[in-house]
>>> print(open('final_35.txt').read())   # compact mmCIF, C-alpha atoms and all ligand atoms
# COMPACT_ATOMS: atom_id res chain seq x y z
CA MET A 166 28.10 15.33 -51.20
CA LYS A 167 27.60 17.77 -48.36
CA LEU A 168 27.85 21.50 -48.97
CA GLY A 169 27.67 24.24 -46.35
CA ILE A 170 26.28 27.65 -47.30
CA ILE A 171 28.17 30.36 -45.46
CA GLY A 172 28.36 34.14 -45.55
CA LEU A 173 27.76 37.26 -43.52
CA PRO A 174 24.33 37.91 -41.99
CA GLY A 175 21.84 38.96 -44.61
CA SER A 176 24.06 37.88 -47.50
CA GLY A 177 21.21 35.80 -48.87
CA LYS A 178 22.21 32.36 -47.56
CA THR A 179 18.70 31.20 -46.77
CA THR A 180 17.46 32.55 -50.10
CA VAL A 181 20.24 30.64 -51.88
CA PHE A 182 19.38 27.55 -49.83
CA ARG A 183 15.79 27.81 -51.08
CA ALA A 184 17.01 28.29 -54.65
CA LEU A 185 19.13 25.16 -54.40
CA THR A 186 16.77 22.89 -52.53
CA GLY A 187 13.66 23.60 -54.54
CA GLY A 188 12.09 26.25 -52.44
CA ILE A 189 11.59 24.46 -49.16
CA GLU A 190 10.02 27.03 -46.89
CA ILE A 191 11.81 27.22 -43.63
CA THR A 192 10.67 29.25 -40.73
CA ASP A 193 12.72 32.09 -39.39
CA ARG A 194 15.77 30.44 -37.94
CA LYS A 195 17.47 33.53 -36.64
CA GLY A 196 19.10 32.79 -33.32
CA HIS A 197 19.23 29.07 -34.08
CA LEU A 198 22.62 27.49 -33.96
CA GLU A 199 21.65 24.42 -35.88
CA PRO A 200 21.84 24.63 -39.65
CA ALA A 201 18.79 23.78 -41.70
CA LEU A 202 19.37 20.75 -43.90
CA GLY A 203 18.05 20.15 -47.38
CA VAL A 204 18.61 17.04 -49.46
CA VAL A 205 18.42 17.35 -53.23
CA LYS A 206 18.30 14.59 -55.82
CA VAL A 207 20.78 15.19 -58.60
CA SER A 208 18.88 14.97 -61.85
CA ASP A 209 20.79 13.24 -64.63
CA PRO A 210 19.36 12.51 -68.08
CA ARG A 211 21.57 9.41 -68.28
CA LEU A 212 19.95 7.95 -65.18
CA ASP A 213 16.52 8.75 -66.65
CA TRP A 214 17.42 6.99 -69.90
CA LEU A 215 18.72 3.89 -68.08
CA ALA A 216 15.62 3.80 -65.89
CA ASP A 217 13.47 3.99 -68.98
CA HIS A 218 15.45 1.15 -70.52
CA TYR A 219 15.43 -1.24 -67.55
CA LYS A 220 12.14 -0.21 -65.92
CA PRO A 221 13.65 -1.15 -62.56
CA LYS A 222 11.84 -1.54 -59.24
CA LYS A 223 14.02 1.18 -57.77
CA ILE A 224 15.77 4.24 -59.18
CA THR A 225 18.40 5.89 -57.00
CA PRO A 226 20.04 9.16 -57.99
CA VAL A 227 23.01 10.80 -56.32
CA HIS A 228 22.05 13.14 -53.48
CA VAL A 229 23.46 16.46 -52.44
CA GLU A 230 22.99 17.75 -48.93
CA TYR A 231 22.96 21.50 -48.29
CA MET A 232 23.39 23.11 -44.89
CA ASP A 233 22.04 26.60 -44.41
CA ILE A 234 24.44 27.76 -41.76
CA PRO A 235 22.90 30.42 -39.54
CA GLY A 236 23.89 34.07 -39.75
CA VAL A 237 27.37 34.94 -38.73
CA GLY A 238 27.08 37.31 -35.78
CA SER A 239 23.29 37.42 -36.14
CA GLU A 240 22.83 38.56 -32.54
CA GLY A 241 23.13 42.09 -33.87
CA LYS A 242 26.78 42.40 -33.04
CA ALA A 243 28.67 44.80 -35.27
CA GLN A 244 31.62 42.47 -35.00
CA HIS A 245 31.38 39.59 -37.44
CA SER A 246 32.23 36.58 -35.42
CA ILE A 247 31.17 33.03 -36.06
CA SER A 248 30.35 31.10 -32.93
CA ASP A 249 32.25 27.90 -32.31
CA LYS A 250 29.06 25.91 -32.45
CA ILE A 251 28.29 27.16 -35.94
CA LEU A 252 31.84 26.48 -37.00
CA ALA A 253 31.60 22.92 -35.74
CA HIS A 254 28.74 22.34 -38.18
CA THR A 255 30.57 24.07 -40.97
CA ARG A 256 33.50 21.70 -40.52
CA THR A 257 31.38 18.72 -41.50
CA ALA A 258 30.85 20.12 -45.02
CA GLU A 259 32.97 18.79 -47.89
CA ALA A 260 32.91 22.15 -49.61
CA LEU A 261 31.52 25.60 -48.89
CA VAL A 262 29.20 27.77 -50.91
CA HIS A 263 30.23 31.25 -49.87
CA CYS A 264 27.43 33.74 -50.41
CA ILE A 265 28.61 37.23 -51.23
CA ARG A 266 26.02 40.00 -51.13
CA PHE A 267 26.10 42.21 -54.20
CA TYR A 268 22.71 43.86 -53.71
CA ASP A 269 21.98 46.89 -51.57
CA SER A 270 19.76 46.12 -48.64
CA ALA A 271 17.81 48.22 -46.18
CA MET A 272 19.15 46.14 -43.31
CA SER A 273 22.81 45.83 -44.22
CA GLY A 274 23.32 48.90 -46.41
CA ALA A 275 25.17 49.25 -49.71
CA ALA A 276 26.85 46.19 -51.13
CA ASN A 277 30.45 45.76 -50.12
CA PRO A 278 31.33 42.41 -51.65
CA ILE A 279 35.11 42.39 -51.42
CA SER A 280 35.33 43.46 -47.80
CA ASP A 281 32.47 41.07 -46.91
CA TYR A 282 34.30 38.25 -48.63
CA LYS A 283 37.49 39.06 -46.76
CA ALA A 284 35.70 39.30 -43.41
CA VAL A 285 34.36 35.75 -43.71
CA GLU A 286 37.64 34.47 -45.09
CA ASP A 287 39.54 36.03 -42.16
CA GLU A 288 37.10 34.50 -39.73
CA MET A 289 37.81 31.03 -41.08
CA ILE A 290 41.56 31.59 -41.13
CA LEU A 291 41.41 32.82 -37.55
CA SER A 292 39.42 29.83 -36.44
CA ASP A 293 41.89 27.42 -38.06
CA PHE A 294 44.73 29.39 -36.55
CA ALA A 295 43.31 28.89 -33.05
CA ILE A 296 43.15 25.13 -33.63
CA VAL A 297 46.68 24.92 -34.99
CA GLU A 298 48.08 27.12 -32.23
CA LYS A 299 46.54 25.00 -29.49
CA ARG A 300 47.61 21.71 -31.02
CA LEU A 301 51.09 23.02 -31.76
CA GLU A 302 51.59 23.99 -28.14
CA ARG A 303 50.59 20.52 -26.99
CA VAL A 304 52.58 18.62 -29.59
CA SER A 305 55.70 20.76 -28.99
CA LYS A 306 55.58 19.95 -25.29
CA ASP A 307 55.20 16.23 -25.92
CA ALA A 308 57.91 16.24 -28.58
CA GLN A 309 60.29 17.90 -26.13
CA LYS A 310 59.64 15.05 -23.75
CA GLY A 311 61.09 12.78 -26.40
CA ARG A 312 58.06 11.63 -28.39
CA LYS A 313 59.76 10.97 -31.75
CA ASP A 314 56.52 9.88 -33.39
CA LEU A 315 55.28 13.46 -33.26
CA ALA A 316 58.05 14.88 -35.44
CA GLU A 317 56.05 14.81 -38.66
CA GLU A 318 52.93 16.36 -37.18
CA LEU A 319 55.02 18.99 -35.47
CA SER A 320 56.69 20.06 -38.67
CA LEU A 321 53.38 20.14 -40.58
CA LEU A 322 51.73 22.16 -37.82
CA LYS A 323 54.57 24.66 -37.91
CA GLU A 324 54.12 25.14 -41.63
CA ALA A 325 50.36 25.53 -41.27
CA TYR A 326 50.92 28.00 -38.43
CA GLU A 327 53.10 30.19 -40.60
CA ILE A 328 50.64 30.26 -43.48
CA LEU A 329 47.72 31.14 -41.23
CA GLU A 330 49.76 33.72 -39.36
CA GLN A 331 50.27 35.54 -42.66
CA GLY A 332 46.49 35.59 -43.10
CA LYS A 333 46.53 32.99 -45.85
CA PRO A 334 44.12 30.06 -46.12
CA LEU A 335 45.26 26.45 -45.80
CA ARG A 336 43.88 25.79 -49.27
CA ILE A 337 47.38 26.62 -50.53
CA PHE A 338 48.90 23.90 -48.32
CA PRO A 339 47.91 20.48 -49.71
CA PRO A 340 48.99 18.48 -46.61
CA ALA A 341 46.16 20.24 -44.74
CA VAL A 342 43.70 17.90 -46.45
CA GLU A 343 46.01 15.13 -47.63
CA SER A 344 48.09 14.31 -44.59
CA ASP A 345 46.65 11.88 -42.06
CA LYS A 346 48.21 14.06 -39.37
CA LEU A 347 46.16 17.12 -40.35
CA LYS A 348 43.03 16.20 -42.24
CA GLY A 349 41.13 15.23 -39.11
CA PHE A 350 41.04 18.90 -38.07
CA ALA A 351 38.72 19.61 -41.04
CA PHE A 352 40.22 23.05 -41.53
CA LEU A 353 37.70 25.54 -42.86
CA SER A 354 40.21 27.56 -44.84
CA ALA A 355 41.28 24.38 -46.63
CA LYS A 356 37.83 23.47 -47.91
CA PRO A 357 37.06 23.88 -51.60
CA GLN A 358 34.92 26.94 -52.05
CA LEU A 359 32.32 28.09 -54.51
CA LEU A 360 32.19 31.87 -54.31
CA LEU A 361 28.63 32.74 -55.14
CA ILE A 362 27.99 36.36 -56.01
CA ASN A 363 24.40 37.12 -55.05
CA SER A 364 23.80 39.92 -57.48
CA GLY A 365 20.19 40.79 -56.86
CA GLU A 366 18.20 42.13 -59.81
CA ASN A 367 19.80 45.48 -60.56
CA LYS A 368 23.37 44.65 -61.36
CA THR A 369 24.51 44.61 -64.98
CA LYS A 370 26.47 41.75 -66.49
CA ALA A 371 29.50 44.05 -66.76
CA GLU A 372 29.35 44.89 -63.05
CA ILE A 373 29.08 41.23 -62.13
CA ASP A 374 31.95 40.31 -64.46
CA ARG A 375 34.13 42.99 -62.90
CA LEU A 376 33.51 41.58 -59.42
CA ARG A 377 34.19 38.06 -60.67
CA THR A 378 37.52 39.19 -62.09
CA GLU A 379 38.42 40.92 -58.87
CA LEU A 380 37.62 37.82 -56.81
CA ARG A 381 39.52 35.64 -59.24
CA GLU A 382 42.56 37.89 -58.85
CA ILE A 383 42.37 37.84 -55.05
CA THR A 384 42.17 34.04 -55.04
CA ALA A 385 44.57 33.45 -57.94
CA ASP A 386 47.10 31.57 -55.79
CA GLN A 387 44.45 29.25 -54.33
CA PRO A 388 43.38 25.93 -55.79
CA ASN A 389 39.80 24.67 -55.45
CA ILE A 390 37.99 27.96 -55.89
CA THR A 391 35.13 28.39 -58.34
CA ILE A 392 33.26 31.63 -58.88
CA ASP A 393 29.66 31.92 -59.98
CA SER A 394 26.82 34.40 -59.67
CA LEU A 395 23.06 34.32 -59.36
CA ASN A 396 20.05 36.37 -58.50
CA ALA A 397 19.00 34.39 -55.44
CA ASP A 398 15.58 36.03 -55.03
CA ALA A 399 14.59 35.13 -58.58
CA GLU A 400 16.14 31.68 -58.40
CA ALA A 401 14.34 30.88 -55.14
CA GLU A 402 11.11 31.77 -56.95
CA ILE A 403 12.04 29.64 -59.96
CA ALA A 404 12.81 26.68 -57.72
CA ARG A 405 9.19 26.69 -56.53
CA LEU A 406 7.60 26.77 -59.98
CA SER A 407 6.43 23.92 -62.17
CA GLU A 408 8.92 22.86 -64.82
CA GLU A 409 7.02 24.70 -67.53
CA ASP A 410 6.69 27.99 -65.65
CA ALA A 411 10.30 27.76 -64.53
CA ARG A 412 11.40 27.40 -68.17
CA GLU A 413 9.49 30.54 -69.12
CA PHE A 414 11.03 32.51 -66.25
CA LEU A 415 14.53 31.25 -67.11
CA ASP A 416 14.09 32.27 -70.75
CA GLU A 417 13.10 35.73 -69.59
CA LEU A 418 16.31 35.94 -67.57
CA GLU A 419 18.25 34.48 -70.52
CA LEU A 420 19.41 31.55 -68.41
CA GLU A 421 19.92 28.06 -69.81
CA GLU A 422 19.20 26.26 -66.56
CA GLY A 423 18.29 27.05 -62.98
CA ALA A 424 20.83 27.63 -60.24
CA LYS A 425 19.85 24.30 -58.71
CA GLU A 426 21.27 22.30 -61.63
CA ARG A 427 24.15 24.67 -62.33
CA ILE A 428 25.48 24.80 -58.78
CA ILE A 429 25.38 21.02 -58.48
CA LYS A 430 27.44 20.69 -61.68
CA LYS A 431 29.92 23.27 -60.46
CA SER A 432 30.18 21.53 -57.09
CA PHE A 433 30.89 18.22 -58.80
CA GLU A 434 33.68 19.89 -60.77
CA LEU A 435 35.00 21.68 -57.70
CA LEU A 436 35.20 18.45 -55.71
CA ASN A 437 36.40 16.48 -58.71
CA TYR A 438 33.54 14.00 -58.53
CA ILE A 439 32.31 11.82 -61.35
CA VAL A 440 29.25 9.62 -61.65
CA PHE A 441 29.09 5.95 -62.56
CA PHE A 442 26.05 3.71 -62.83
CA THR A 443 24.96 0.25 -61.83
CA ALA A 444 21.96 -0.94 -63.78
CA GLY A 445 19.60 -3.88 -63.78
CA GLU A 446 15.96 -4.78 -63.25
CA PRO A 447 16.05 -4.53 -59.46
CA GLU A 448 17.72 -1.12 -59.37
CA VAL A 449 19.23 1.54 -61.60
CA ARG A 450 21.52 3.67 -59.55
CA ALA A 451 23.93 6.58 -59.91
CA TRP A 452 27.01 6.71 -57.67
CA GLN A 453 29.35 9.59 -57.07
CA LEU A 454 33.06 8.91 -56.96
CA GLN A 455 36.24 10.92 -56.72
CA ASN A 456 37.81 11.13 -60.15
CA GLY A 457 40.90 8.91 -60.39
CA MET A 458 39.52 6.04 -58.30
CA SER A 459 40.17 2.47 -59.30
CA ALA A 460 37.56 -0.17 -60.10
CA VAL A 461 38.19 -1.98 -56.83
CA LYS A 462 37.64 1.23 -54.83
CA ALA A 463 34.48 1.95 -56.80
CA ALA A 464 33.30 -1.56 -55.97
CA GLY A 465 33.87 -0.67 -52.32
CA THR A 466 31.54 2.31 -52.53
CA VAL A 467 28.79 -0.04 -53.70
CA HIS A 468 29.47 -2.75 -51.11
CA SER A 469 32.47 -3.67 -48.98
CA ASP A 470 32.03 -7.34 -50.03
CA MET A 471 32.50 -6.30 -53.65
CA GLU A 472 35.80 -4.66 -52.83
CA ARG A 473 36.98 -7.61 -50.72
CA GLY A 474 35.99 -10.27 -53.23
CA PHE A 475 36.60 -8.23 -56.37
CA ILE A 476 37.21 -10.36 -59.48
CA ARG A 477 36.66 -7.95 -62.35
CA ALA A 478 34.42 -5.18 -63.61
CA GLU A 479 32.37 -5.38 -66.79
CA VAL A 480 32.28 -1.84 -68.08
CA VAL A 481 30.44 -0.09 -70.88
CA SER A 482 30.28 3.66 -71.31
CA TYR A 483 26.85 5.22 -71.23
CA ASP A 484 27.29 6.60 -74.75
CA ASP A 485 28.22 3.18 -76.17
CA PHE A 486 25.38 1.49 -74.32
CA LYS A 487 22.88 4.03 -75.63
CA ALA A 488 24.24 3.85 -79.18
CA ALA A 489 24.04 0.05 -79.16
CA GLY A 490 20.55 0.12 -77.68
CA SER A 491 20.98 -2.60 -75.09
CA LEU A 492 23.61 -4.41 -73.05
CA ALA A 493 23.38 -7.48 -75.30
CA ALA A 494 23.87 -5.32 -78.39
CA ALA A 495 26.81 -3.53 -76.74
CA HIS A 496 28.34 -6.97 -76.05
CA LYS A 497 27.91 -7.94 -79.69
CA VAL A 498 29.78 -4.90 -80.98
CA GLY A 499 32.55 -5.43 -78.44
CA LYS A 500 31.82 -2.34 -76.35
CA VAL A 501 31.61 -4.15 -73.02
CA ARG A 502 35.10 -4.35 -71.60
CA LEU A 503 36.49 -6.61 -68.89
CA GLU A 504 38.52 -4.47 -66.54
CA GLY A 505 40.75 -5.38 -63.63
CA ARG A 506 41.03 -3.86 -60.16
CA ASP A 507 43.29 -0.98 -61.23
CA TYR A 508 41.08 0.30 -64.04
CA LEU A 509 40.29 4.00 -63.47
CA ILE A 510 36.56 4.65 -63.50
CA LYS A 511 35.36 7.25 -65.98
CA ASP A 512 32.36 9.54 -65.77
CA GLY A 513 29.36 7.77 -67.29
CA ASP A 514 30.67 4.21 -66.95
CA ILE A 515 27.99 1.58 -66.47
CA ILE A 516 29.52 -1.18 -64.37
CA LEU A 517 28.76 -4.72 -63.36
CA PHE A 518 31.08 -5.86 -60.59
CA ARG A 519 31.96 -9.55 -60.49
CA PHE A 520 32.97 -10.64 -57.02
CA ASN A 521 33.28 -13.68 -54.85
CA VAL A 522 33.24 -13.76 -51.06
N1 LIG B 1 17.31 42.60 -53.56
C1 LIG B 1 17.62 41.36 -53.23
N2 LIG B 1 17.42 40.96 -51.98
C2 LIG B 1 17.78 39.71 -51.64
C3 LIG B 1 18.33 38.79 -52.56
N3 LIG B 1 18.59 37.64 -51.92
C4 LIG B 1 18.22 37.82 -50.65
N4 LIG B 1 17.70 39.08 -50.47
C5 LIG B 1 17.12 39.67 -49.27
O1 LIG B 1 18.10 39.83 -48.29
C6 LIG B 1 17.57 39.57 -47.01
C7 LIG B 1 18.38 38.50 -46.32
O2 LIG B 1 18.26 37.30 -47.05
P1 LIG B 1 18.46 35.91 -46.35
O3 LIG B 1 18.43 34.90 -47.43
O4 LIG B 1 17.55 35.74 -45.21
O5 LIG B 1 19.93 36.11 -45.81
P2 LIG B 1 20.74 35.18 -44.81
O6 LIG B 1 22.15 35.25 -45.23
O7 LIG B 1 20.11 33.85 -44.71
O8 LIG B 1 20.55 35.95 -43.46
P3 LIG B 1 20.90 35.39 -41.98
O9 LIG B 1 20.43 34.00 -41.90
O10 LIG B 1 20.19 36.32 -41.06
O11 LIG B 1 22.38 35.53 -41.87
C8 LIG B 1 16.13 39.14 -47.23
O12 LIG B 1 15.31 40.25 -46.99
C9 LIG B 1 16.11 38.72 -48.66
O13 LIG B 1 14.83 38.91 -49.24
C10 LIG B 1 18.50 39.23 -53.89
O14 LIG B 1 18.95 38.48 -54.77
N5 LIG B 1 18.13 40.52 -54.17
MG MG B 2 19.45 32.73 -43.06
>>> encode(input="final_35.txt", output="structure tokens")
Amino acid sequence: MKLGIIGLPGSGKTTVFRALTGGIEITDRKGHLEPALGVVKVSDPRLDWLADHYKPKKITPVHVEYMDIPGVGSEGKAQHSISDKILAHTRTAEALVHCIRFYDSAMSGAANPISDYKAVEDEMILSDFAIVEKRLERVSKDAQKGRKDLAEELSLLKEAYEILEQGKPLRIFPPAVESDKLKGFAFLSAKPQLLLINSGENKTKAEIDRLRTELREITADQPNITIDSLNADAEAEIARLSEEDAREFLDELELEEGAKERIIKKSFELLNYIVFFTAGEPEVRAWQLQNGMSAVKAAGTVHSDMERGFIRAEVVSYDDFKAAGSLAAAHKVGKVRLEGRDYLIKDGDIILFRFNV
């Protein structure tokens, strides 16, 4: 899972990046056009339990990759404009974490979260618009010359053009990510987004809730938007502490868990990902999968041979496995099921793929 952290200059992106990646110190990257990358292991108590049970040679969790995308317009321009090079990186993200500054800062002045949010949103819509406009021009010309095969793309591009022209994001237009004709453009305004209110330390819960409500109202017609808030400064500090000290700090802030864990969970929900496991003595491993995928597709994420030569899947849910105490015991009580290629994988399934190539 690859997530890009975006936002206006000084909105706290790098601070959020540190909070999410465990406090990796990165040097001042102002003026750099390459995003910093941080890879985070997704902690999962189920994986820990399975590892404890099998004592495998290798334990492999799911990984999340974060990109700290450099400041938008960080060359001191008053105009917020994202350079094409930065946008090219942003396009590779599966979803965006959009940092919204809700703390006053000496550099950027009083917090202006709604207009900041809209400025970044407009920038992405504009950038997608430029792509659609260019492509539309080209495809129209070719279609006029009699290329019938372009009819579908042409009609989709026209629809996308109209939406963007009205200043709306392509998130409201499912073909933008579903159609083979469009998804290759990796439209920014179509990406699922986690709006992350960076509240700083002085905002009350009521103030944060009010902003959340306002953002929810603005985005009410859009699918794939989640809203959350954090105090990035404090969370970046927490991410550097030992587990014990972090717990103490979190209790003080009346938080159940750190942003690192919470944001990963929210991102999984936002992208509709689930986790299944493969387990044995050589390796216990967690795999991420789009919810609604079949057993044969899941086999393909493990190995293409498994998809090609798929025979069946032996499936036991983590809860049943744990309750039974072992795979053999789960077999005895009839909790290990034989499933065919169309079985839909569920979160927490432990799977043994039988295949023959
Ligand atoms: N008060 C307060 N300040 C914060 C918080 N988060 C970040 N800052 C400060 O805001 C300034 C900018 O933070 P960064 O994380 O560097 O922001 P950025 O979005 O990465 O900035 P660019 O990369 O230049 O676009 C720094 O001085 C941070 O210390 C916060 O939660 N509260
Ligand atoms: Mg930064």
>>> atom_distance(input="final_35.txt", atom1="CA of Gly311 in chain A", atom2="CA of Asp293 in chain A")
26.8 Å
>>> residues_near_point(input="final_35.txt", point="(37.4, -7.9, -64.2)", cutoff="12 Å", atoms="all atoms listed in the file", output="ChimeraX atom specification")
/A:459-461,464,471-472,474-480,501-508,516-521
>>> axis_aligned_box(input="final_35.txt", around="range 334-351 of chain A", padding_each_side="3 Å", output="lines of an AutoDock Vina configuration file")
center_x = 43.9
center_y = 21.0
center_z = -44.3
size_x = 16.3
size_y = 24.2
size_z = 18.5
>>> residues_near_ligand(input="final_35.txt", ligand="ligand LIG 1 (chain B)", cutoff="7 Å", atoms="all atoms listed in the file", output="PyMOL selection string")
chain A and resi 172-181+195+235-237+239+268-270+363-366+396-399
>>> atom_distance(input="final_35.txt", atom1="CA of Glu372 in chain A", atom2="CA of Leu395 in chain A")
12.8 Å
>>> atom_distance(input="final_35.txt", atom1="CA of Asp514 in chain A", atom2="CA of Asp470 in chain A")
20.5 Å
>>> closest_residue(input="final_35.txt", among="A:Ala488, A:Ala424, A:Ala216, A:Leu380", to="Ala401 in chain A", atoms="only C-alpha atoms")
A:Ala424
